[in-house]
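Text of the file upload.cif, holding mmCIF, C-alpha atoms and all ligand atoms:
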data_coords
loop_
_atom_site.label_atom_id
_atom_site.label_comp_id
_atom_site.auth_asym_id
_atom_site.auth_seq_id
_atom_site.Cartn_x
_atom_site.Cartn_y
_atom_site.Cartn_z
CA MET A 1354 72.29 108.81 113.64
CA SER A 1355 71.86 106.11 111.03
CA THR A 1356 68.53 106.10 109.27
CA ASP A 1357 66.59 102.92 108.82
CA LEU A 1358 65.18 102.17 105.41
CA LEU A 1359 61.93 100.62 104.31
CA LEU A 1360 61.88 99.65 100.66
CA ARG A 1361 58.19 99.37 99.71
CA ARG A 1362 57.08 96.86 97.07
CA ALA A 1363 60.49 95.23 96.56
CA GLU A 1364 60.31 92.18 94.30
CA THR A 1365 62.81 89.94 96.09
CA ALA A 1366 62.04 86.92 93.90
CA PRO A 1367 60.17 86.70 90.60
CA GLY A 1368 56.49 87.39 91.37
CA PHE A 1369 57.13 87.89 95.11
CA GLU A 1370 56.75 91.44 96.43
CA ARG A 1371 57.43 92.49 100.01
CA ASP A 1372 58.48 95.50 102.05
CA LEU A 1373 62.15 95.20 102.86
CA ALA A 1374 63.39 96.79 106.07
CA ILE A 1375 67.09 97.60 106.52
CA GLU A 1376 67.97 98.71 110.04
CA GLY A 1377 71.48 99.64 111.19
CA GLY A 1378 72.74 98.33 107.85
CA ARG A 1379 71.14 94.90 108.28
CA ILE A 1380 68.15 93.37 106.56
CA VAL A 1381 65.55 92.52 109.22
CA ALA A 1382 62.52 90.24 108.96
CA GLN A 1383 60.11 92.81 110.44
CA PRO A 1384 60.51 96.61 110.56
CA GLY A 1385 60.99 97.86 114.14
CA PRO A 1386 58.93 100.65 115.70
CA GLY A 1387 61.45 103.45 114.94
CA GLU A 1388 61.42 106.02 112.15
CA HIS A 1389 62.11 104.67 108.63
CA VAL A 1390 62.90 106.46 105.41
CA GLU A 1391 60.34 104.91 103.08
CA ILE A 1392 61.19 104.41 99.43
CA ASP A 1393 58.69 102.94 97.01
CA VAL A 1394 60.67 100.83 94.54
CA ALA A 1395 57.45 100.03 92.66
CA GLY A 1396 57.88 96.31 92.17
CA ARG A 1397 61.45 96.52 90.87
CA PRO A 1398 63.61 93.41 91.34
CA VAL A 1399 65.78 93.74 94.44
CA VAL A 1400 68.78 91.41 94.48
CA PRO A 1401 71.63 91.05 96.96
CA GLY A 1402 74.48 93.52 96.49
CA LEU A 1403 77.18 92.20 94.18
CA THR A 1404 80.69 91.55 95.46
CA ASP A 1405 83.67 91.63 93.17
CA HIS A 1406 85.62 88.96 95.02
CA HIS A 1407 88.88 89.62 93.16
CA ILE A 1408 89.80 93.05 91.86
CA HIS A 1409 92.95 95.19 91.92
CA LEU A 1410 91.45 98.57 92.82
CA LEU A 1411 94.51 100.82 92.57
CA ALA A 1412 95.62 99.34 89.23
CA THR A 1413 92.07 99.45 87.85
CA ALA A 1414 91.65 103.10 88.84
CA ALA A 1415 95.04 103.93 87.29
CA ALA A 1416 94.11 102.16 84.05
CA ARG A 1417 90.80 104.03 83.95
CA ASP A 1418 92.72 107.28 84.26
CA SER A 1419 94.13 106.74 80.78
CA LEU A 1420 91.59 107.50 78.10
CA ASP A 1421 91.43 105.08 75.20
CA CYS A 1422 91.75 107.33 72.13
CA SER A 1423 91.92 104.52 69.54
CA PRO A 1424 89.70 104.93 66.46
CA THR A 1425 87.17 102.38 67.79
CA ALA A 1426 86.96 104.07 71.19
CA LEU A 1427 86.60 107.52 69.61
CA ALA A 1428 83.78 106.27 67.38
CA ALA A 1429 82.00 104.77 70.40
CA ALA A 1430 82.38 108.01 72.39
CA GLY A 1431 81.13 110.24 69.58
CA GLY A 1432 84.50 111.76 68.76
CA LEU A 1433 87.56 113.11 70.56
CA ALA A 1434 85.83 116.29 71.81
CA ALA A 1435 83.00 114.30 73.42
CA LEU A 1436 85.45 111.84 74.97
CA LEU A 1437 87.62 114.58 76.50
CA CYS A 1438 84.70 116.70 77.74
CA ASP A 1439 83.11 113.66 79.40
CA ALA A 1440 86.43 112.76 81.04
CA ARG A 1441 86.85 116.31 82.31
CA ALA A 1442 83.36 116.25 83.79
CA ARG A 1443 84.32 113.12 85.75
CA ARG A 1444 87.74 114.48 86.79
CA PRO A 1445 87.54 118.22 87.32
CA GLU A 1446 91.19 118.63 88.34
CA GLY A 1447 94.59 117.70 86.95
CA TRP A 1448 95.86 116.26 83.72
CA LEU A 1449 93.83 114.19 81.26
CA ARG A 1450 95.93 111.48 79.67
CA GLY A 1451 94.91 109.76 76.43
CA VAL A 1452 96.60 106.84 74.69
CA GLY A 1453 96.27 104.97 71.39
CA TYR A 1454 95.49 107.97 69.15
CA ASP A 1455 95.88 107.07 65.46
CA VAL A 1456 96.92 110.12 63.42
CA ALA A 1457 96.37 108.33 60.10
CA ALA A 1458 92.80 107.34 61.00
CA SER A 1459 91.68 110.24 63.22
CA GLY A 1460 93.57 113.20 61.74
CA PRO A 1461 96.51 115.34 62.81
CA LEU A 1462 96.34 116.58 66.38
CA ASP A 1463 97.96 119.60 68.03
CA ARG A 1464 97.04 122.52 70.26
CA THR A 1465 94.97 124.21 67.55
CA ARG A 1466 92.50 121.33 67.79
CA LEU A 1467 92.79 120.80 71.56
CA ASP A 1468 92.72 124.39 72.88
CA PRO A 1469 89.16 125.24 71.75
CA LEU A 1470 87.84 122.32 73.84
CA GLY A 1471 88.99 124.01 77.04
CA VAL A 1472 89.58 120.70 78.85
CA GLY A 1473 93.30 121.08 79.55
CA PRO A 1474 95.81 120.31 80.67
CA VAL A 1475 95.64 117.32 78.37
CA ARG A 1476 98.23 115.05 76.77
CA ILE A 1477 97.49 112.38 74.18
CA GLN A 1478 99.95 109.76 73.06
CA ASP A 1479 99.89 108.53 69.50
CA ARG A 1480 99.46 104.85 68.72
CA THR A 1481 103.17 104.25 68.13
CA GLY A 1482 104.15 105.78 71.47
CA ILE A 1483 106.64 108.12 69.76
CA ARG A 1484 104.64 111.34 70.01
CA TRP A 1485 102.66 113.20 72.64
CA MET A 1486 100.18 115.90 71.62
CA LEU A 1487 99.51 118.59 74.25
CA ASP A 1488 97.16 121.54 74.49
CA GLY A 1489 98.29 125.04 75.46
CA ALA A 1490 97.51 124.56 79.15
CA GLY A 1491 99.61 121.39 79.16
CA LEU A 1492 102.50 123.08 77.33
CA ALA A 1493 102.45 125.94 79.84
CA GLU A 1494 102.98 123.44 82.64
CA VAL A 1495 105.92 121.56 81.12
CA LEU A 1496 107.85 123.93 78.81
CA PRO A 1497 110.51 126.24 80.26
CA PRO A 1498 109.56 129.91 79.61
CA ASP A 1499 112.73 130.45 77.57
CA PRO A 1500 112.37 128.70 74.16
CA ASP A 1501 116.16 128.32 74.03
CA GLU A 1502 115.81 125.78 76.84
CA TRP A 1503 113.27 123.61 75.00
CA PRO A 1504 114.63 120.17 74.13
CA ALA A 1505 114.85 118.97 70.54
CA GLY A 1506 111.59 117.23 69.76
CA VAL A 1507 109.39 120.20 70.69
CA GLU A 1508 107.74 121.02 67.36
CA ARG A 1509 107.49 124.73 66.49
CA ASP A 1510 105.28 126.57 64.03
CA GLY A 1511 106.46 129.28 61.59
CA ALA A 1512 106.37 131.89 64.36
CA GLY A 1513 108.51 129.72 66.65
CA ARG A 1514 105.64 128.79 69.01
CA ALA A 1515 105.24 125.23 70.26
CA THR A 1516 102.51 123.39 68.32
CA GLY A 1517 101.93 120.90 71.12
CA VAL A 1518 103.55 117.96 69.32
CA LEU A 1519 106.42 116.45 71.30
CA THR A 1520 108.47 113.73 69.64
CA ARG A 1521 110.51 111.16 71.57
CA LEU A 1522 110.13 113.14 74.79
CA ASP A 1523 108.24 110.52 76.78
CA ARG A 1524 110.76 110.38 79.62
CA TRP A 1525 111.28 114.18 79.68
CA LEU A 1526 107.52 114.70 79.88
CA GLY A 1527 107.10 112.09 82.59
CA GLU A 1528 109.61 113.93 84.80
CA ARG A 1529 107.63 117.17 84.48
CA ILE A 1530 104.16 115.88 85.28
CA PRO A 1531 103.31 115.11 88.90
CA ARG A 1532 102.02 111.63 89.56
CA GLN A 1533 98.31 111.75 90.30
CA ALA A 1534 96.61 109.57 92.87
CA PRO A 1535 94.32 107.21 90.96
CA ASP A 1536 90.65 108.19 91.03
CA LEU A 1537 89.33 105.45 93.32
CA ALA A 1538 86.11 107.32 94.12
CA GLY A 1539 85.33 107.51 90.39
CA LEU A 1540 85.91 103.78 90.05
CA GLY A 1541 83.70 103.16 93.08
CA ALA A 1542 80.84 105.16 91.56
CA TRP A 1543 81.21 103.29 88.26
CA LEU A 1544 81.08 99.95 90.10
CA ALA A 1545 78.07 101.04 92.20
CA ALA A 1546 76.21 101.90 89.01
CA ARG A 1547 76.65 98.24 88.08
CA GLY A 1548 75.41 96.98 91.44
CA VAL A 1549 78.77 96.28 93.07
CA THR A 1550 78.40 96.99 96.79
CA SER A 1551 81.53 95.29 98.07
CA VAL A 1552 84.97 94.46 96.76
CA THR A 1553 87.92 92.30 97.71
CA ASP A 1554 91.23 93.83 96.73
CA ALA A 1555 93.56 91.03 95.66
CA GLY A 1556 96.79 93.04 95.51
CA ALA A 1557 99.71 90.69 96.17
CA GLY A 1558 101.84 93.66 97.19
CA ASN A 1559 99.34 95.23 99.61
CA GLY A 1560 101.02 96.64 102.70
CA PRO A 1561 100.22 99.48 105.11
CA ASP A 1562 100.54 102.17 102.38
CA GLU A 1563 98.10 100.49 99.99
CA LEU A 1564 95.63 99.80 102.80
CA ALA A 1565 95.80 103.45 103.89
CA ALA A 1566 95.17 104.58 100.28
CA LEU A 1567 92.13 102.30 100.06
CA ALA A 1568 90.82 103.51 103.42
CA ALA A 1569 91.13 107.15 102.32
CA SER A 1570 89.68 106.50 98.88
CA GLY A 1571 86.05 107.47 99.36
CA LEU A 1572 84.90 104.21 97.78
CA PRO A 1573 81.19 103.68 98.50
CA GLN A 1574 81.75 99.90 98.62
CA ARG A 1575 82.66 97.77 101.60
CA VAL A 1576 86.33 96.93 101.09
CA THR A 1577 88.21 93.79 102.09
CA ALA A 1578 91.91 93.77 101.30
CA MET A 1579 94.35 90.91 100.97
CA THR A 1580 97.89 91.63 102.14
CA ARG A 1581 101.41 90.51 101.34
CA ASP A 1582 102.40 89.76 104.95
CA PRO A 1583 100.41 88.07 107.72
CA ASP A 1584 101.22 90.66 110.42
CA VAL A 1585 99.33 93.70 109.19
CA THR A 1586 96.64 95.68 110.96
CA ALA A 1587 93.85 97.09 108.84
CA PRO A 1588 92.95 100.77 109.07
CA ASP A 1589 89.38 101.78 109.91
CA GLY A 1590 86.93 100.96 107.15
CA ILE A 1591 89.00 98.14 105.65
CA ALA A 1592 88.40 94.49 106.48
CA LEU A 1593 91.47 92.29 106.45
CA GLY A 1594 91.27 89.52 103.84
CA PRO A 1595 93.59 86.55 103.35
CA VAL A 1596 97.34 86.67 102.84
CA LYS A 1597 97.90 86.67 99.07
CA ILE A 1598 100.43 84.21 97.68
CA LEU A 1599 101.22 84.48 94.02
CA LEU A 1600 102.45 81.23 92.45
CA ASP A 1601 104.39 82.07 89.31
CA ASP A 1602 104.62 79.11 86.97
CA ALA A 1603 107.97 80.32 85.68
CA GLY A 1604 109.46 79.75 89.14
CA LEU A 1605 107.32 77.73 91.54
CA PRO A 1606 108.57 77.67 95.15
CA ALA A 1607 109.71 74.50 96.88
CA LEU A 1608 106.88 72.66 98.63
CA ASP A 1609 108.46 73.17 102.08
CA ASP A 1610 108.76 76.93 101.54
CA LEU A 1611 105.16 77.28 100.43
CA ALA A 1612 103.93 75.07 103.27
CA ALA A 1613 105.83 77.30 105.73
CA ARG A 1614 104.16 80.44 104.34
CA VAL A 1615 100.72 78.82 104.56
CA ARG A 1616 101.43 77.74 108.15
CA ALA A 1617 102.71 81.21 109.11
CA ALA A 1618 99.49 82.79 107.86
CA HIS A 1619 97.34 80.22 109.65
CA ASP A 1620 99.34 80.69 112.86
CA ALA A 1621 98.66 84.43 112.63
CA GLY A 1622 94.95 83.69 112.36
CA ARG A 1623 94.84 84.54 108.65
CA ALA A 1624 93.69 82.54 105.66
CA VAL A 1625 95.73 82.37 102.47
CA ALA A 1626 94.56 83.16 98.94
CA ILE A 1627 96.74 81.36 96.44
CA HIS A 1628 96.94 82.56 92.86
CA SER A 1629 96.91 79.46 90.65
CA VAL A 1630 96.46 79.43 86.89
CA SER A 1631 97.95 76.00 86.16
CA ALA A 1632 97.49 72.39 87.24
CA ALA A 1633 101.06 72.28 88.59
CA SER A 1634 100.59 75.30 90.87
CA LEU A 1635 97.23 73.99 92.07
CA VAL A 1636 98.66 70.59 93.00
CA LEU A 1637 101.50 72.37 94.82
CA ALA A 1638 99.08 74.63 96.74
CA LEU A 1639 96.95 71.68 97.81
CA ALA A 1640 100.03 69.75 98.93
CA ALA A 1641 101.17 72.80 100.94
CA GLY A 1642 98.23 72.55 103.31
CA VAL A 1643 95.53 74.78 101.81
CA ASP A 1644 92.25 73.95 103.54
CA ARG A 1645 88.65 75.06 103.98
CA ARG A 1646 89.52 78.47 105.47
CA ASP A 1647 91.65 79.36 102.42
CA ARG A 1648 91.00 80.48 98.86
CA ILE A 1649 92.29 79.48 95.46
CA GLU A 1650 92.28 82.45 93.08
CA HIS A 1651 91.48 81.73 89.41
CA ALA A 1652 91.82 77.90 89.35
CA SER A 1653 91.81 78.47 85.60
CA LEU A 1654 93.01 74.98 84.73
CA VAL A 1655 91.82 72.00 86.77
CA PRO A 1656 92.27 68.57 85.15
CA ASP A 1657 89.68 65.86 85.91
CA ASP A 1658 92.05 63.96 88.22
CA VAL A 1659 92.89 67.06 90.30
CA LEU A 1660 89.27 68.12 90.82
CA PRO A 1661 88.55 65.52 93.57
CA VAL A 1662 91.73 66.59 95.43
CA LEU A 1663 90.56 70.19 95.31
CA VAL A 1664 87.10 69.20 96.56
CA GLU A 1665 88.65 67.20 99.39
CA ALA A 1666 90.72 70.19 100.56
CA GLY A 1667 87.62 72.39 100.21
CA PRO A 1668 88.99 75.94 99.79
CA LEU A 1669 86.78 78.71 98.44
CA VAL A 1670 87.45 78.93 94.70
CA VAL A 1671 87.34 82.41 93.20
CA VAL A 1672 86.79 82.35 89.43
CA GLN A 1673 86.69 84.94 86.62
CA PRO A 1674 83.90 83.88 84.25
CA ALA A 1675 84.25 87.00 82.06
CA LEU A 1676 87.63 85.74 80.84
CA VAL A 1677 85.76 83.15 78.76
CA ARG A 1678 84.31 86.09 76.84
CA THR A 1679 87.40 88.30 76.66
CA ARG A 1680 90.16 85.69 76.31
CA GLY A 1681 88.28 82.55 75.26
CA ASP A 1682 89.22 82.73 71.60
CA ARG A 1683 92.89 82.82 72.53
CA TYR A 1684 92.48 79.86 74.92
CA LEU A 1685 90.78 77.82 72.20
CA ALA A 1686 93.61 78.61 69.79
CA GLU A 1687 96.55 78.20 72.18
CA VAL A 1688 95.61 75.69 74.89
CA PRO A 1689 95.95 72.00 73.89
CA VAL A 1690 92.52 70.52 73.07
CA GLU A 1691 92.80 67.87 75.81
CA ASP A 1692 93.00 70.66 78.41
CA HIS A 1693 89.90 72.55 77.21
CA ARG A 1694 87.50 70.74 79.53
CA GLY A 1695 89.54 71.79 82.56
CA LEU A 1696 89.57 75.49 81.59
CA HIS A 1697 87.66 78.02 83.70
CA ARG A 1698 85.34 75.44 85.19
CA LEU A 1699 82.11 76.56 86.78
CA GLY A 1700 79.25 74.07 86.65
CA SER A 1701 81.52 71.14 87.55
CA PHE A 1702 82.93 73.10 90.54
CA VAL A 1703 79.45 73.89 91.84
CA GLY A 1704 78.24 70.37 91.09
CA ALA A 1705 81.16 68.85 93.03
CA GLY A 1706 80.12 70.84 96.09
CA LEU A 1707 82.89 73.43 96.02
CA ARG A 1708 82.12 76.91 97.34
CA VAL A 1709 82.61 79.17 94.33
CA ARG A 1710 82.69 82.98 94.12
CA ALA A 1711 83.49 85.26 91.22
CA GLY A 1712 85.55 88.36 90.60
CA SER A 1713 86.69 90.40 87.63
CA ASP A 1714 90.48 90.43 88.16
CA ALA A 1715 90.29 93.97 86.77
CA PRO A 1716 92.30 95.63 85.29
CA TYR A 1717 93.39 92.30 83.75
CA GLY A 1718 89.72 91.48 83.18
CA ASP A 1719 86.70 93.70 82.51
CA PRO A 1720 85.38 95.15 85.81
CA ASP A 1721 81.71 94.94 84.72
CA PRO A 1722 80.15 92.11 86.80
CA TRP A 1723 77.30 91.67 84.34
CA LEU A 1724 79.71 90.71 81.59
CA GLY A 1725 80.86 87.92 83.91
CA VAL A 1726 77.27 86.88 84.67
CA ALA A 1727 76.48 86.72 80.95
CA ALA A 1728 79.63 84.74 80.15
CA ALA A 1729 78.98 82.35 83.05
CA ALA A 1730 75.54 81.66 81.61
CA ASP A 1731 76.38 81.38 77.90
CA ARG A 1732 80.11 80.43 78.00
CA ARG A 1733 80.58 82.30 74.75
CA THR A 1734 83.85 83.81 73.55
CA ALA A 1735 83.93 87.25 71.93
CA GLY A 1736 84.29 85.42 68.61
CA GLY A 1737 81.04 83.54 69.24
CA GLN A 1738 82.48 80.10 70.02
CA VAL A 1739 81.36 78.15 73.08
CA LEU A 1740 84.00 77.12 75.65
CA GLY A 1741 82.82 74.28 77.90
CA ALA A 1742 79.04 74.35 77.36
CA ALA A 1743 78.62 71.88 80.27
CA GLU A 1744 80.14 74.46 82.65
CA ALA A 1745 77.35 77.01 82.07
CA LEU A 1746 75.15 78.15 84.97
CA THR A 1747 71.67 79.69 84.85
CA PRO A 1748 71.75 83.52 85.01
CA GLY A 1749 70.37 83.35 88.57
CA GLY A 1750 73.02 80.80 89.54
CA ALA A 1751 75.67 83.00 87.93
CA VAL A 1752 74.57 86.10 89.90
CA ARG A 1753 74.96 84.11 93.12
CA LEU A 1754 78.73 83.84 92.43
CA TRP A 1755 78.92 87.62 92.99
CA CYS A 1756 76.90 87.48 96.19
CA ASP A 1757 78.08 87.20 99.73
CA THR A 1758 75.76 85.70 102.29
CA LEU A 1759 77.12 87.89 105.08
CA VAL A 1760 76.34 91.19 103.36
CA ASP A 1761 73.08 93.09 103.83
CA ASP A 1762 73.48 95.40 100.88
CA VAL A 1763 71.03 95.27 97.99
CA VAL A 1764 70.71 96.31 94.36
CA VAL A 1765 67.46 97.68 92.94
CA LEU A 1766 67.25 96.87 89.24
CA ASP A 1767 65.47 98.87 86.56
CA ALA A 1768 64.63 95.79 84.50
CA GLY A 1769 62.79 92.50 84.85
CA TRP A 1770 64.26 89.23 86.11
CA ASP A 1771 64.60 88.01 82.52
CA ARG A 1772 67.32 90.64 82.02
CA LEU A 1773 69.62 89.18 84.72
CA GLY A 1774 71.99 87.69 82.16
CA ASP A 1775 71.94 90.80 80.00
CA SER A 1776 73.45 93.77 81.91
CA PRO A 1777 70.26 94.98 83.62
CA PRO A 1778 70.26 98.73 84.36
CA VAL A 1779 70.77 99.46 88.05
CA HIS A 1780 68.28 101.84 89.70
CA ALA A 1781 70.03 102.19 93.05
CA VAL A 1782 72.20 100.37 95.53
CA VAL A 1783 71.90 100.25 99.30
CA VAL A 1784 75.28 99.98 101.05
CA ARG A 1785 75.47 99.93 104.88
CA GLY A 1786 71.85 101.05 104.96
CA LEU A 1787 72.50 104.07 102.72
CA TRP A 1788 70.34 104.49 99.62
CA ALA A 1789 72.53 105.49 96.68
CA PRO A 1790 70.76 106.15 93.37
CA THR A 1791 72.87 105.51 90.26
CA GLY A 1792 72.99 106.97 86.77
CA SER A 1793 70.39 109.62 85.94
CA GLN A 1794 68.06 108.54 88.76
CA ARG A 1795 68.59 111.06 91.59
CA VAL A 1796 65.48 110.97 93.81
CA PRO A 1797 64.76 110.86 96.64
ZN ZN A 1801 94.42 89.19 90.24
#
Could you quickly redo this structure as structure tokens?
Amino acid sequence: MSTDLLLRRAETAPGFERDLAIEGGRIVAQPGPGEHVEIDVAGRPVVPGLTDHHIHLLATAAARDSLDCSPTALAAAGGLAALLCDARARRPEGWLRGVGYDVAASGPLDRTRLDPLGVGPVRIQDRTGIRWMLDGAGLAEVLPPDPDEWPAGVERDGAGRATGVLTRLDRWLGERIPRQAPDLAGLGAWLAARGVTSVTDAGAGNGPDELAALAASGLPQRVTAMTRDPDVTAPDGIALGPVKILLDDAGLPALDDLAARVRAAHDAGRAVAIHSVSAASLVLALAAGVDRRDRIEHASLVPDDVLPVLVEAGPLVVVQPALVRTRGDRYLAEVPVEDHRGLHRLGSFVGAGLRVRAGSDAPYGDPDPWLGVAAAADRRTAGGQVLGAAEALTPGGAVRLWCDTLVDDVVVLDAGWDRLGDSPPVHAVVVRGLWAPTGSQRVP
């Protein structure tokens, strides 16, 4: 039996408090007569659940499974021991895998330093990629019992025991460690703590196997998945998204071929989502018959004279505002100045009447939606320059890019409305009518 929720004193707009009833997973205007679980949110801002409209879940989870052990990351985590213990708390089973360790900056590393932490099995790759450092539990899993069978490259101490340092044995090690399924549930919890209640997986290679993995993942979010082929049925719990078509600028398809793929998807009752990061690929996509039911992913470069053509065709445009922050300095340095005004448009898309939504493109972008909101509002690069000031939105307008009008999930914030553009802490999310507290907040 699904419980109905009544959020008391929800501030659904600045200065406007109401009781918010969610019944059968839907927001209703008036609470019905049935039993409700009442939660007093004490005047906290309640905003629509955020949707990451473009993320690669499996790749993002896999990337998160590697711990960044670079000097900067270790400093931020409070040292290697803190980093490894925290990772072990999040992933109780299996190997921990670290990368980017700098022996010169962070000190020599072998099993004598790793074993006392008791977090194994663990393996950490040094910055150059030449060496792996393992703890005793890790060594026990990969080394043959007979030392005569150890390959060259296994470092030994004076007593002939393995120290844990393995040199140029990357391939050998890889063959001895079972591949782990990426921790999708962990990624889902991390996203929920940032207010993400639904996701669209944009995997261009998604087929039945990937969809089954997503369905079995235990993600708390609602999941929509794009697929490679039009004729795919979605497993329970996964909504079928558009057919993904990746346009690679190094080898664009012939117009007729692309038009045939778009038509095949439409004939199968599916929309297409076309990856376009250049003016040439965008013009090709529009000529191939993309229309209002379809999506353009990224639209990272739209010259002035192409914008009206895009508006005329009217697809949903899915942008990645956070890239202005994380890659903006490189764009400013490498993209010809005359193209700058067409880069990662936002305000001019919205102003022209296009429907615009946002995603992270993680793991190629940062999965934190609030970084995207902030960058959409200030258009600042990491280096502090401004890229396309005229494209900026208000923080409220930026948040709307992560919303989906058809979703009844909400986010309860732990900060005022003035913090919208500044990573507001998330108190709880409600997904499909289920109250899910985040972070340290665990009641009721
Ligand atoms: Zn992508």
So which residues touch Leu1660 in chain A within 9 Å, counting all atoms listed in the file, skipping near sequence neighbours fewer than 4 positions away, as a PDB file with C-alpha atoms, keeping the file's coordinate frame?
ATOM      1  CA  VAL A1655      91.820  72.000  86.770  1.00  0.00           C
ATOM      2  CA  PRO A1656      92.270  68.570  85.150  1.00  0.00           C
ATOM      3  CA  VAL A1664      87.100  69.200  96.560  1.00  0.00           C
ATOM      4  CA  GLU A1665      88.650  67.200  99.390  1.00  0.00           C
ATOM      5  CA  SER A1701      81.520  71.140  87.550  1.00  0.00           C
ATOM      6  CA  PHE A1702      82.930  73.100  90.540  1.00  0.00           C
ATOM      7  CA  ALA A1705      81.160  68.850  93.030  1.00  0.00           C
TER       8      ALA A1705
END
For CA of Ala1789 in chain A and CA of Glu1563 in chain A, determine how far apart the two atoms are, in Å to one decimal place.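 According to the coordinates, CA of Ala1789 in chain A and CA of Glu1563 in chain A are separated by 26.3 Å.
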Excluding Val1636 in chain A and residues on its chain fewer than 6 positions from it, collect all residues at most 9 Å away from it, counting only C-alpha atoms, and give them as a ChimeraX atom specification. /A:1659,1662-1663
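If you look at CA of Gly1594 in chain A and CA of Thr1577 in chain A, they are 5.5 Å away from each other.
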For the contact check between range 1366-1469 of chain A and range 1484-1505 of chain A, emit one row per residue of range 1366-1469 of chain A within 6 Å, containing the shortest atom pair and the distance in Å rounded to one decimal, counting all atoms listed in the file, chain then rising number order, as CSV.
residue,atom,partner,partner_atom,distance
A:Asp1463,CA,A:Met1486,CA,5.6
A:Arg1464,CA,A:Asp1488,CA,4.3
A:Leu1467,CA,A:Asp1488,CA,5.3
A:Asp1468,CA,A:Asp1488,CA,5.5
If you take all atoms listed in the file and a cut-off of 10 Å, which residues of range 1562-1598 of chain A touch range 1531-1551 of chain A, and what are their nearest atom pairs and distances in Å to one decimal, in chain and number order, as JSON lines?
{"residue": "A:Ala1566", "atom": "CA", "partner": "A:Ala1534", "partner_atom": "CA", "distance": 9.0}
{"residue": "A:Leu1567", "atom": "CA", "partner": "A:Leu1537", "partner_atom": "CA", "distance": 7.9}
{"residue": "A:Ala1569", "atom": "CA", "partner": "A:Leu1537", "partner_atom": "CA", "distance": 9.3}
{"residue": "A:Ser1570", "atom": "CA", "partner": "A:Leu1537", "partner_atom": "CA", "distance": 5.7}
{"residue": "A:Gly1571", "atom": "CA", "partner": "A:Ala1538", "partner_atom": "CA", "distance": 5.2}
{"residue": "A:Leu1572", "atom": "CA", "partner": "A:Ala1538", "partner_atom": "CA", "distance": 5.0}
{"residue": "A:Pro1573", "atom": "CA", "partner": "A:Gly1541", "partner_atom": "CA", "distance": 6.0}
{"residue": "A:Gln1574", "atom": "CA", "partner": "A:Ser1551", "partner_atom": "CA", "distance": 4.6}
{"residue": "A:Arg1575", "atom": "CA", "partner": "A:Ser1551", "partner_atom": "CA", "distance": 4.5}
{"residue": "A:Val1576", "atom": "CA", "partner": "A:Ser1551", "partner_atom": "CA", "distance": 5.9}
{"residue": "A:Thr1577", "atom": "CA", "partner": "A:Ser1551", "partner_atom": "CA", "distance": 7.9}
For the residues selected in the previous step, produce a file with C-alpha atoms as a short mmCIF file (atom, residue, chain, number, x, y, z; two decimals), in the coordinates of the input.
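Here's the written file out_8.cif:
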data_model
loop_
_atom_site.label_atom_id
_atom_site.label_comp_id
_atom_site.auth_asym_id
_atom_site.auth_seq_id
_atom_site.Cartn_x
_atom_site.Cartn_y
_atom_site.Cartn_z
CA ALA A 1566 95.17 104.58 100.28
CA LEU A 1567 92.13 102.30 100.06
CA ALA A 1569 91.13 107.15 102.32
CA SER A 1570 89.68 106.50 98.88
CA GLY A 1571 86.05 107.47 99.36
CA LEU A 1572 84.90 104.21 97.78
CA PRO A 1573 81.19 103.68 98.50
CA GLN A 1574 81.75 99.90 98.62
CA ARG A 1575 82.66 97.77 101.60
CA VAL A 1576 86.33 96.93 101.09
CA THR A 1577 88.21 93.79 102.09
#
Using only C-alpha atoms and all ligand atoms, which residues have at least one atom no more than 8 Å from ligand ZN 1801 (chain A)? Output them as a VMD selection string. chain A and resid 1407 to 1409 1555 to 1556 1628 1650 1714 to 1715 1717
Using only C-alpha atoms: which of A:Arg1480, A:Ala1745, A:Val1518, A:Leu1600 has the shortest distance to Leu1462 in chain A: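 When distances to Leu1462 in chain A are compared using only C-alpha atoms, the smallest one comes from A:Val1518.
Residue nearest Gly1560 in chain A, chosen from A:Lys1597, A:Ala1675, A:Gly1471, A:Gly1527 and counting all atoms listed in the file: A:Lys1597.
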Atom pair CA of Gly1590 in chain A / CA of Asp1554 in chain A: separation (Å):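 Taking CA of Gly1590 in chain A and CA of Asp1554 in chain A, their separation equals 13.3 Å.
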Pick from A:Ala1568, A:Ala1457, A:Val1400, A:Leu1766: nearest to Thr1481 in chain A, with all atoms listed in the file counted?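 Checking each of A:Ala1568, A:Ala1457, A:Val1400, A:Leu1766 against Thr1481 in chain A, counting all atoms listed in the file, the winner is A:Ala1457.
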Go through A:Ala1666, A:Arg1361, A:Asp1584, A:Gly1749 and flag the residue nearest Arg1772 in chain A, using all atoms listed in the file for the distances. A:Gly1749
Restricting to all atoms listed in the file, whichever of A:His1406, A:His1389, A:Arg1614, A:Arg1514 is closest to Asp1372 in chain A is A:His1389
Give me the residues near Gly1700 in chain A as JSON, numbers by chain, where near means some atom within 8 Å (using only C-alpha atoms) and where sequence neighbours in that chain fewer than 4 positions away do not count. {"A": [1704, 1743, 1744, 1745, 1746]}
Which neighbours of range 1416-1432 of chain A fall inside 6 Å, counting all atoms listed in the file, when residues of the same chain fewer than 5 positions from it are skipped, and could you give them as a PDB file with C-alpha atoms, in the frame of the given file?
ATOM      1  CA  ARG A1450      95.930 111.480  79.670  1.00  0.00           C
ATOM      2  CA  GLY A1451      94.910 109.760  76.430  1.00  0.00           C
ATOM      3  CA  VAL A1452      96.600 106.840  74.690  1.00  0.00           C
ATOM      4  CA  GLY A1453      96.270 104.970  71.390  1.00  0.00           C
ATOM      5  CA  TYR A1454      95.490 107.970  69.150  1.00  0.00           C
TER       6      TYR A1454
END
